[in-house]
Structure formats: C-alpha cells, structure tokens
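Engineer: Right, I'll just put the structure down here and ask away after.
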There are 2 protein chains.
Amino acid sequence: MSAEFSVTRPCRLRDVPHWDIETDVIVVGFGAAGACAAIEAAQASAAVTLLELASGSGGTSALSGGEIYLGGDGGTPAQRQAGFVDDTEDLYRYLLMAGGPDADQDKVRLYAEGSRTHHDWLVEQGLVYKNTYLPERMMEPETDDCLIWSGSEEAWPFSASAKPCPRGHTPQWVGWGGGRMLMDVLAARVVKLGVDVRYDSRVLALIADEADAVHGVVARIDGRLHFARARKGVVLCAGGFAMNRDMVRRHAPGLLRANEPIGSPGDDGSGILMGMSVGGAAIHMDQAFVSLPFYAPESLIKGVFVNERGQRFINEDCYHGRIGHHIMQQLGDRIYLLVDSATYQPPAEFTRIGIAAAGETWEEVEHDLGLPQGTLSATVSVYNRHAAEGADPLFHKAAKWLQPLVEPPFVALDCRVDYAFYPHFTLGGLDTLPTGQVLTEKRTPVRGLYAAGRTACGLPRWGGGYSSGMSLADATFFGRQAGRHVAGLDIS
Amino acid sequence: MSAEFSVTRPCRLRDVPHWDIETDVIVVGFGAAGACAAIEAAQASAAVTLLELASGSGGTSALSGGEIYLGGDGGTPAQRQAGFVDDTEDLYRYLLMAGGPDADQDKVRLYAEGSRTHHDWLVEQGLVYKNTYLPERMMEPETDDCLIWSGSEEAWPFSASAKPCPRGHTPQWVGWGGGRMLMDVLAARVVKLGVDVRYDSRVLALIADEADAVHGVVARIDGRLHFARARKGVVLCAGGFAMNRDMVRRHAPGLLRANEPIGSPGDDGSGILMGMSVGGAAIHMDQAFVSLPFYAPESLIKGVFVNERGQRFINEDCYHGRIGHHIMQQLGDRIYLLVDSATYQPPAEFTRIGIAAAGETWEEVEHDLGLPQGTLSATVSVYNRHAAEGADPLFHKAAKWLQPLVEPPFVALDCRVDYAFYPHFTLGGLDTLPTGQVLTEKRTPVRGLYAAGRTACGLPRWGGGYSSGMSLADATFFGRQAGRHVAGLDIS
C-alpha cells in the first residue's frame, strides 16, 4: 500500500482513512536537529512523536566529531579560560561572511546573539565540555580537550573583517567521534521528556490540505502503514542529500568529482523533497562542504597549494573546507601541496596524500611533474621572496604560516581530486525563517511545516565559508527554535 | 480577485467556477519556444491558445541575434557551401561536452540527429538564410551573412573530442538583432495556422487536479480574470529568471556580481515557479550564461587574460561565454586582458573595456597594476616562450592565436567584473523529457504539463559550455517536440 505514497507529493487530508497516531508535533529524524526540536517542543508541553528511519538515534550527527561553533557575548567558558574575548559583533561578521553572497542575515543575527546562551543550554542538557584549549590547527581533537580553531577566523579575508577567535567546541570525549556522545546526551533528554520515539520508521509523505497546510505524515513504522496527525506541525530534520547521487547529479554535479560523501543512509534528500512537495523552496542546492583535511600536521599549512599549471589559488591557512571549495573550482584534477624538508611531515594516512615528486631544486620538481619551465618554480620563487619578509601579497596568508620553502629536498604532495580523500556533504535545502518555518519561493510560510539541520538551508550555505561545527551549531540552535515555535512559544 | 492566485500554488480544478476559454493546448509565452510549440500543435490539428504577457510577440528571443546552433548529418547548406562536413557524431560529442557534468544525453542525441532537418523546417517556416560564411570570430554578424563560429569548437578541450565546425546560423538580416526577424517569421506562421493569440495576458497560476495533473491556467487577460481549460496540456515557454533578482540571489547568487541581465520583463521565473507548484523539479538553478564579449576585434584573442594575481586561467580562444564563466570563478574582481602593440585593437565601446596600464616592458605594466614582481611578468614570459613555438602547454590555446606579446608598448585592458559589460541570463529550469514533459524530482512526468525554452533546463545547462545559438536551438527544437507531443503525436 505504501507504494502509492511519495515524498514528492503530499497525501491529501481528505484521503486519510483514519489516524493511527495523534499528537501535537511530529519530528522527522533523530539527529541533532530533530533531538533539539523535540526537546524544546516537549518542554513547552507539546505532545511530540519523533520518527526515525534507523533503529537508533544519531543520524549523521552521531558520525561527526560533535564539534559545535559557539561564541560571542564575551566568550564561552572555554574561550574565556583560554584568554579570548569573543565579541558578539565579531561572531556576527564572521558568520555573515561565511554565509557567502546570500547569507541569511536574520539567522546570523539571532545565532550571534544567542550562541553564548545556547552553549549553556547544551551544558544543561548534559553535554560536558572540558573547557581546555588546543592552539594547534587540527581536524578535531584526538584527546578530550574542548576548544580549537575550526574555521578560517585567522585567515584572510575573514581576519580583516572580524577579530579572530577559536569557536570550535568539542565535548569531553577521547578520540574522534564526539558526535556520538553529543547524540547520546540529547537522546537521553528526549526520552526523559517523554517524547514518543519510534525507530524503524520511514516517513513516506506529508499529509496536507488543499491549501498545502501540513497536518501530519504518512509513515511506515515497523513495517506497517501509519497515518500520523500533528495538530501543531511537522518538523523535518531528515538530513541533506549527499547520499542521493542522482539528486547530487541534478543539483550539485560538481560534487560528483569528490569521492567521499559523508552521511547516513537517511541523507537521501527525502526531507527536502517533502518540503518541496507542499511548495517549500529549496535554495543553494549547488553548495556543499567539500574538504581536503590535509592538517594536522599543521606544518603542512606552511606549504603551498598549486593546481596543475603550477599556480597558487588560495591562502593555505584557510580552513580545509574553504581550500576544498577552491580546489573544486580549479581546471583539472591534479592538485599539489608543495613543502620543503623543514615543513614536511607525513600527511595522515586516511587523506591518501602521497608524494608525487621530490627533488633538490624546485625546477627539478617542476620538471618531474611535467610542468613547463618557469611555472611552479616562478610561483615558489615569488612566494619565497615575500615569505622571507613575512608577507603574502597575492593571497594574504598570515605571517605565522609564512616560511620560505628553501630546504631541500623539495616535495610535491599528490592531492589529486580523483584519488585523495575529499569528504563532502550538501548545504542546499529548504528556505526557512529563523523560526524554522518553511518558506515558499515567495517567502511566505507553509503552514504547519518546519525544517532544521541540513534539510534546511541554514547558517552554512556556501562552501567557501564553511567552518567545522557550523552545521551542528545550526542544527541544534535552529532545531530548538523550530521546536519552540511549533509548540507555540516565541523563539529564542 | 487575482490576488488570491499565485504562480507558486495551483488553483484546484474543483475551485474553477466556469471556463472562459476551452481549448486543446495552452502555450504560455510567445518567444521562440512558445511559437514553435504553437506551430507544431496547431499543425497537428490541436486547438491552441497562446497567452503572452507583452503586447506583442517576441519575448527575449526577439532581443537576441537570432543565431541558431545547427549542423550534423553532413552539414547544413551554409556549412556545405563553406566547405565544411559536419558529422552528426561530432555535433553530438560537442553538445555533450557543452552540457557539462550533467548533460542530458537523450536531448543531445535527439538534437544532434534532428538538427539538420530542424534547419529545413525553420526555412520552411519562412526563415531566410543567405548561407554565406564569415570566418572571423565575432559576437554576431553586422552584415546579413549567415554562418559563424559561435562556440568553443576550435578551442581545447572541445577540439580534442569533436571535429570543429562552425554552427552559428544567423538569418539574412543586416546588423545585430536578427532575433526580431526570426520571431516575425515564426509569429506569422502562428497567426496563419489560426492559433488564438492573446496578448496582455498574465498567467497567474496553473489549474491542477488533486493528483497535480494540469488542466489549464488562470490568467488575467486584458485586465479580466479568465479560467482557461487546456484539454491536452499546458506548455510553459515563459523564459528564465534573470530579471527576478530575488530569485537569482537565492539560486544563483554568484550572478549578482555581473551587472547586465539579458531578458525581457517576463523573465521573472514565473514559468519555472508554476512548474514547481505542481511538483516539477527545477535543476541546475545556479548555472548561467555570463559573458565578456571582448571580440571582435578578433586580434584581442591573441591577448592573454590574467586575474588580479597575474595568473592566466583559460585558453583565450574559447567562446566568450566560457571565458565569462571562468572569470566569475576567479577570486577578486580585477581581470586584465594583456596585449601588445601588434595585437591591440580598440575593444568595442559597449564592452566598457578601457586601458588599465601601459608600459614599455611587462615589468612596468606589472608594477603599474600594483602586482608583485615576478607574477604577471613571469606569466607572460612563459606564454611568450611557448607561443613562439606555437604551443600553449598550460591551456592549449590553438596555434593560430598564439603570438608572443613582444611589441611594446604593452597594454593591460581593464575587464573588471564590477565595471565592464558582463551580460548574463539563467540556464537552470524545469527538468523535462525530450518530449517537453515536465518531470518531478523522481523523474516521473507531471500529467498535462510541458516546458521549453529557458523555462526548462535544456541543452544549455552549464555556463562553461554555452555557445551562441544554443538557447534558440534548444527553444525552437524542443518547443516543437513539446507542441507535437502535447497534440498527441510522436516526437521528432
């Protein structure tokens, strides 16, 4: 019977034969956004049913490092303890730049002003931060430490507009994968608040009336079809579409070059498609986080990225996701990271970055890579000359990473797009208000429908500005707003 | 009363109070796509009503040069007369590359095989081609000549995969603007075939049943609301969305950098939005034609484009729209075209390309532009060394355009993105079958709904592959397919 339902077309209210479930709020997806929406809605006394495709909580959030981008209002405890004062306006300006040419000013403003208290809320839920600071540049801590530089804050052009501050907060968890801890904490709260959680539940379609106002969902729960009514609204927190390669092809085909989609099987775009089925607008569908996580070791940041013409294309001290974004815009798949013996450290094995060429002179490396004479060598020569003076007039790399590459042997690390590790996920999704209300192309709300996390197009919406922790920040914070608003409270 | 209707939400069939118009086929928009759809449907004995927003025919097609990308099957009369043999497979391969990472193989195949007879059909409608050939590179003929090189056929990487052939066919019309002639010819046929043409008609919404099958449109015609029934189907040929800057911001924000949208007021995205309102999928919404039409004079093609770091980024013999596409991907707004006294010719005035710097040496130009020593000068030095040998190992510019830039004075032409002429229009639109049937995200047809021209995502769907005449080729050819299919005939 479920074959007749489709995420691309709502089931009409009048076609609902009976209600199997009646509740105030239905949340679709038990990742970080869904958990936070459920917590807030339940705390506002709404009856909440949470439907999750998998057999347990977590979604893609649980696969992450659990890092959350937090700050402002003078600083979080971790920031203050490390000696940083993080002004709300600096956080605002950074997030606005990070949002790219169509940054959502309203969301950025709300988040900048509410981030500090959002931190406290997370702690109240049970999240534990050690509040220690690691000054080194890294993907995420391998220890249980807390605060790291997780974006391009210290890198041009961001550093020129907003005072840099580290804002990546990782829970107290040894090793990578703190996202599991984050989700365990949030899931425990969800359960404690009496949310009706249904696992092994695939939402097949929204239920909407003739005016496309949303009244519930059709779902297959434990193999049986259910018509579930949401008196107050449905909150879609069903992830992005990185795992739906057909959808990637039609909306973000540039991503097909990168070989490692990050996500859980639920990131099939069904949340976005359901929103569109009742008139929701999907925006910035071409944008994605694409990374080459080449540091740590951070000494590699002192290297120089060149494309297959031996040209630099970015300041190498940017966040690895901004570098990945620019790598994807180069003509040709060959990308090299040039280092000398003073800066070389073996890249992490998982990055699949090997050595393409090595030589006693840069001319030799240039030749061995098959590049015309005077290309790569001229690039390094200009770089070295200015680096010796602590300057990078071309890309404004910060002085602390500038070190002439003059100690032989010289090495070109092989970062080719079709071989090295380029993880990616999608940033396009449903246009929403800061309340989480899904908007049509005319920017009018679809009644009864909310979205958060990567089902929505949130703070992160431009590959060139992504920073670690931004997606979880957006998912948790705007998941909360959606939960409060759908339950009838004012937001934030 | 019309305030209650919206292009983003269909009027439900049951809410239609009466029919003001009853016909077989409704075509929305009287540009080239709409005209061709109407002609074919009428010839197949369907009763056709054509609704046009403006007070006359033409749309954006009439603002164009009227150039159509045609060839294959050994060649059109103009191609043969000029001594070219254009193989269908070469046309196929070129169009496939031009479609980018998600080229529509089915449409490309149908067009490559049908392009030659499409030419004959256009001539049968009354279009006159002088069938003369102009070998020089230009935007479009200023004379009434016919055949020009209108794409990147002779440029790498296209030239490496498909035997080059000129395929831009311009009607016999003196001066630019042959699109008006094309539209006059097509409009005369439309009228002759008895199509019911209604000008000053704004379509407000589709009319659809509960299953989102389309049955007609709501339109304001001469100021009065009409419910118009289409027994066989509605064909949306309402243009793109270049003129809807809000929509551009949310779907193609990179385009906001370019300052000259090309289109008529009707290019407001309403056709795309109506298709989406009944479940149609809009794809590649970020893609656009963006050009810097810097030739003629064609000697400027012998120059070298550099970005604000003095780096080359493209083979300069590409079609100007491919060059524009790559200019938009450079970091920074400053773009220069470097020429020497042997290659300099004044750029056309409308391009707003002035002189940024001039000097007796390239080092002097480099210095005057404020570029670090050894950047621009090294770029030119490598270029010159290889150009002297007829090679361009970095970007594979063809030998005929390679000439060392060694005759002082040396000039940097100022092509900055925020000042020079960068015309653009959108390429994203509704996903359709070669029949013109609008597809959902699941690629199932929406019953009763067709789209063609820039309301659809057609042959041109990637800025890096656009060629002049490709949009009109797509609009006229697939407009015809839609007209035939909606009238009940097999296509092509």
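Simple scheme: letters A, B, ... for chains in structure tokens order, numbers from 1 for residues in each chain, numbers from 1 for ligands in the order shown.
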Tell me the residues of chain B close to chain A, meaning within 6 Å using only C-alpha atoms, as a tab-separated table (two decimals) with N, CA and C atoms, in the first residue's frame.
Structural biologist:
```
chain	number	residue	atom	x	y	z
B	101	PRO	N	28.71	18.53	-16.54
B	101	PRO	CA	28.74	17.28	-15.79
B	101	PRO	C	27.41	16.55	-15.71
B	250	ARG	N	18.79	33.77	-4.47
B	250	ARG	CA	18.64	32.52	-3.72
B	250	ARG	C	19.10	31.28	-4.48
B	251	HIS	N	19.21	31.39	-5.81
B	251	HIS	CA	19.57	30.20	-6.58
B	251	HIS	C	20.89	30.33	-7.33
B	253	PRO	N	23.49	33.10	-6.68
B	253	PRO	CA	23.97	34.39	-6.14
B	253	PRO	C	25.28	34.86	-6.76
B	283	ILE	N	16.18	22.27	-11.95
B	283	ILE	CA	17.55	21.76	-11.79
B	283	ILE	C	18.58	22.74	-12.35
B	284	HIS	N	19.80	22.59	-11.85
B	284	HIS	CA	20.94	23.42	-12.27
B	284	HIS	C	20.62	24.91	-12.18
B	309	ARG	N	46.00	38.35	-9.67
B	309	ARG	CA	47.30	37.85	-9.23
B	309	ARG	C	48.25	37.63	-10.40
B	394	LEU	N	50.03	25.14	-21.06
B	394	LEU	CA	49.19	25.32	-19.88
B	394	LEU	C	47.70	25.25	-20.18
```
Engineer: Over all C-alpha atoms, paired in order, superpose chain B onto chain A by least squares and report how large the RMSD is in Å.
Structural biologist: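 My reading of the C-alpha RMSD is 0.0 Å.
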Engineer: With only C-alpha atoms as the atoms that count, which of B:Cys318, B:Ala208, B:Val203, B:Ile335 lies nearest to Ile353 (chain B)?
Structural biologist: B:Ile335
Engineer: For each of B:Arg416, B:Arg352, B:Arg454, B:Arg447, take the minimum atom-to-atom distance to Gly266 (chain B), counting only C-alpha atoms, then give the residue where this is smallest.
Structural biologist: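 Residue with the minimum atom-to-atom distance to Gly266 (chain B): B:Arg454.
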Engineer: Give me the residues within 10 Å of Val123 (chain B) as a list in words, counting only C-alpha atoms and dropping any in the same chain fewer than 6 places off.
Structural biologist: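 Close residues of Val123 (chain B): Thr117, Tyr129, Pro171 and Val185 of chain B.
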Engineer: Using only C-alpha atoms, which residue out of B:Arg198, B:His320, B:His424, B:Lys130 lies closest to Gln79 (chain B)?
Structural biologist: B:Lys130
Engineer: Can you tell me, as a ChimeraX atom specification, which residues in region 178-301 of chain B count as helix (DSSP H, G or I) by DSSP?
Structural biologist: /B:178-192,245-251,253-257,270-277,298-301
Engineer: What's around region 150-161 of chain B at 6 Å? Count only C-alpha atoms, leave out sequence neighbours fewer than 6 positions away in its own chain, and write the answer as a PyMOL selection string.
Structural biologist: chain B and resi 168+317-319+396+467-468
Engineer: Just write the chosen residues, C-alpha atoms, as a PDB file, in the first residue's frame.
Structural biologist:
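Below is the file that was written, part14.pdb:
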```pdb
ATOM      1  CA  GLY B 168      26.046  29.525 -35.618  1.00  0.00           C
ATOM      2  CA  ASP B 317      40.335  31.292 -27.837  1.00  0.00           C
ATOM      3  CA  CYS B 318      37.319  29.846 -26.053  1.00  0.00           C
ATOM      4  CA  TYR B 319      33.887  31.226 -26.695  1.00  0.00           C
ATOM      5  CA  HIS B 396      46.201  24.544 -25.054  1.00  0.00           C
ATOM      6  CA  SER B 467      27.719  28.626 -27.253  1.00  0.00           C
ATOM      7  CA  SER B 468      25.811  31.333 -29.121  1.00  0.00           C
TER       8      SER B 468
END
```
Engineer: Run DSSP on the backbone and give me the residues of region 37-113 of chain A it puts in strand (DSSP E), as a ChimeraX atom specification.
Structural biologist: /A:48-51,68-69
Engineer: Residues within 9 Å of Arg180 (chain B), please, as a PyMOL selection string. Count only C-alpha atoms; anything in the same chain fewer than 6 positions from it doesn't count.
Structural biologist: chain B and resi 58+61-66
Engineer: Measuring between only C-alpha atoms, which one of B:Ala98, B:Met138, B:Ala35, B:Val365 shows the shortest distance to Trp462 (chain B)?
Structural biologist: B:Ala98
Engineer: If you measure from CA of Ala54 (chain A) to CA of Tyr450 (chain A), what distance in Å do you get, rounded to one decimal?
Structural biologist: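 So the two atoms, CA of Ala54 (chain A) and CA of Tyr450 (chain A), lie 21.1 Å apart.
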Engineer: Need to verify the contact set: Cys146 (chain A), 10 Å, only C-alpha atoms, exclusion of same-chain residues closer than 4 positions in sequence. Can you return it as a ChimeraX atom specification?
Structural biologist: /A:67,78-79,128-134,140-141,167-173
Engineer: Show me, as number ranges by chain, the residues that have an atom within 8 Å of Leu405 (chain A) when counting only C-alpha atoms, minus same-chain residues fewer than 6 positions from it.
Structural biologist: A: 303, 339-340, 342-343, 380, 384
Engineer: Atoms to include: C-alpha atoms. Write the selected residues as a short mmCIF file (atom, residue, chain, number, x, y, z; two decimals), in the first residue's frame.
Structural biologist:
```
data_model
loop_
_atom_site.label_atom_id
_atom_site.label_comp_id
_atom_site.auth_asym_id
_atom_site.auth_seq_id
_atom_site.Cartn_x
_atom_site.Cartn_y
_atom_site.Cartn_z
CA GLY A 303 53.30 24.56 2.28
CA VAL A 339 56.67 21.57 1.01
CA ASP A 340 60.36 21.53 1.80
CA ALA A 342 61.74 21.91 7.01
CA THR A 343 57.95 21.88 6.65
CA VAL A 380 57.61 29.29 -5.41
CA ASN A 384 59.61 32.61 -1.03
#
```
Engineer: Nearest to Cys165 (chain B): which of B:Asp196, B:Glu136, B:Glu142, B:Asp90 is it, counting only C-alpha atoms?
Structural biologist: B:Asp90
Engineer: Given only C-alpha atoms as the basis, pick out the residue of A:Ala37, A:Asn307, A:Gly75, A:Thr60 nearest to Thr435 (chain A).
Structural biologist: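 Between A:Ala37, A:Asn307, A:Gly75, A:Thr60, the residue approaching Thr435 (chain A) most closely is A:Ala37.
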Engineer: If you measure from CA of Lys192 (chain B) to CA of Arg220 (chain B), what distance in Å do you get, rounded to one decimal?
Structural biologist: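 Answer for the CA of Lys192 (chain B) to CA of Arg220 (chain B) separation: 25.0 Å.
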